[in-house]
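**Q** Okay, here's the structure, questions in a sec.
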Amino acid sequence: MAVQLALNSDWDIYFDADGELVLVDDGEEVAQHVKQRLDFHQGEWFLDQTIGMPWFQGIFATNSSSQDVASRSYSESLIKATILETPGVTALVDFQFNFDSINRAANYSFQFDTLWGEVSNEYFNLSLT
């Protein structure tokens, strides 16, 4: 696996107290890559608007309670596939998902294994209201 620049919670390059760049590798790099893939919205990259998570195009596209079960299943499968297809991820150990199609909100947490060990406590909260 490659070494990457560490990113802080605002997705800016992270510097340590001495002003030095911080690098991540192994499990930390895989966890950062998973977060980047989940936060990359479909249509965001002008050169290929088909890549990325379809948050607006599919997951939160409808506001119908009659489609809630289908929307939840679709959303859950997309998120799981994105995690599992990330290089370095070997298994999805735990996955919790709450989806509210009426209010267009979701939160999910997960734990996964990598080639370098387990990564846990990854939590995301997404609301489009």
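Starting from 1 in every chain, residues are counted up; chains themselves are A, B, ... following the order of the structure tokens, and ligands are numbered from 1 as listed.
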In chain A, what's alpha helix (DSSP H) per DSSP? Answer as a PyMOL selection string?
**A** chain A and resi 26-39+68-84
**Q** Kindly export the residues of the current selection with C-alpha atoms, as a tab-separated table (two decimals), in the first residue's frame.
**A**
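Below is the file that was written, out.tsv:
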```tsv
chain	number	residue	atom	x	y	z
A	26	ASP	CA	-1.22	0.59	6.31
A	27	GLY	CA	-4.60	0.47	8.14
A	28	GLU	CA	-4.74	4.24	8.65
A	29	GLU	CA	-4.26	4.82	4.93
A	30	VAL	CA	-7.00	2.32	4.09
A	31	ALA	CA	-9.41	3.97	6.58
A	32	GLN	CA	-8.69	7.39	5.08
A	33	HIS	CA	-9.25	5.98	1.57
A	34	VAL	CA	-12.61	4.47	2.63
A	35	LYS	CA	-13.70	7.86	4.02
A	36	GLN	CA	-12.62	9.61	0.82
A	37	ARG	CA	-14.55	7.16	-1.34
A	38	LEU	CA	-17.73	7.53	0.74
A	39	ASP	CA	-17.48	11.32	0.72
A	68	ASP	CA	-38.23	3.63	2.29
A	69	VAL	CA	-37.42	-0.10	2.47
A	70	ALA	CA	-36.09	-0.20	-1.10
A	71	SER	CA	-34.12	3.01	-0.56
A	72	ARG	CA	-32.61	1.67	2.64
A	73	SER	CA	-31.60	-1.60	1.02
A	74	TYR	CA	-30.15	0.18	-2.02
A	75	SER	CA	-28.25	2.67	0.15
A	76	GLU	CA	-26.91	0.00	2.46
A	77	SER	CA	-25.67	-2.15	-0.43
A	78	LEU	CA	-23.92	0.81	-2.08
A	79	ILE	CA	-22.15	1.83	1.13
A	80	LYS	CA	-21.09	-1.74	1.90
A	81	ALA	CA	-19.83	-2.29	-1.66
A	82	THR	CA	-17.83	0.93	-1.55
A	83	ILE	CA	-16.16	-0.14	1.69
A	84	LEU	CA	-15.45	-3.68	0.54
```
**Q** List every residue of segment 5-124 of chain A that DSSP, applied to the backbone of this structure, assigns to strand (DSSP E), and report them as a ChimeraX atom specification.
**A** /A:5,23-24,89-100,105-114,117-124
**Q** Any chance you can output those residues with C-alpha atoms as an mmCIF file, in the first residue's frame?
**A**
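The result, stored in selection_1.cif:
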```
data_model
loop_
_atom_site.group_PDB
_atom_site.id
_atom_site.type_symbol
_atom_site.label_atom_id
_atom_site.label_comp_id
_atom_site.auth_asym_id
_atom_site.auth_seq_id
_atom_site.Cartn_x
_atom_site.Cartn_y
_atom_site.Cartn_z
ATOM 1 C CA LEU A 5 -0.680 12.552 3.271
ATOM 2 C CA LEU A 23 1.852 10.630 6.595
ATOM 3 C CA VAL A 24 -0.426 7.626 6.960
ATOM 4 C CA VAL A 89 -10.108 -3.936 2.978
ATOM 5 C CA THR A 90 -10.477 -7.665 3.553
ATOM 6 C CA ALA A 91 -13.820 -7.927 5.402
ATOM 7 C CA LEU A 92 -16.673 -5.884 6.795
ATOM 8 C CA VAL A 93 -16.909 -6.895 10.471
ATOM 9 C CA ASP A 94 -19.781 -4.689 11.667
ATOM 10 C CA PHE A 95 -22.190 -2.331 9.939
ATOM 11 C CA GLN A 96 -24.933 -0.201 11.505
ATOM 12 C CA PHE A 97 -27.166 1.941 9.313
ATOM 13 C CA ASN A 98 -30.042 4.318 10.031
ATOM 14 C CA PHE A 99 -31.870 5.801 7.079
ATOM 15 C CA ASP A 100 -34.656 8.386 7.020
ATOM 16 C CA ALA A 105 -30.820 11.862 6.475
ATOM 17 C CA ALA A 106 -28.629 8.873 7.212
ATOM 18 C CA ASN A 107 -25.979 7.865 9.665
ATOM 19 C CA TYR A 108 -23.872 4.788 9.622
ATOM 20 C CA SER A 109 -20.963 3.253 11.469
ATOM 21 C CA PHE A 110 -18.822 0.332 10.528
ATOM 22 C CA GLN A 111 -15.808 -1.719 11.415
ATOM 23 C CA PHE A 112 -13.649 -3.508 8.888
ATOM 24 C CA ASP A 113 -10.546 -5.649 8.618
ATOM 25 C CA THR A 114 -7.591 -4.623 6.497
ATOM 26 C CA GLY A 117 -5.539 -5.402 11.106
ATOM 27 C CA GLU A 118 -8.934 -4.130 12.197
ATOM 28 C CA VAL A 119 -10.173 -0.559 11.823
ATOM 29 C CA SER A 120 -13.112 0.431 13.999
ATOM 30 C CA ASN A 121 -15.242 3.324 15.158
ATOM 31 C CA GLU A 122 -15.767 4.861 11.758
ATOM 32 C CA TYR A 123 -18.927 6.941 12.058
ATOM 33 C CA PHE A 124 -20.633 9.122 9.479
#
```
**Q** So the first atom is atom CA of Gln4 of chain A and the second is atom CA of Leu115 of chain A; what is the distance between them in Å, to one decimal place?
**A**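 Between atom CA of Gln4 of chain A and atom CA of Leu115 of chain A the gap is 16.4 Å.
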**Q** Please indicate the distance in Å from atom CA of Phe60 of chain A to atom CA of Arg104 of chain A, rounded to one decimal place.
**A**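 Result for atom CA of Phe60 of chain A versus atom CA of Arg104 of chain A: 5.7 Å, one decimal.
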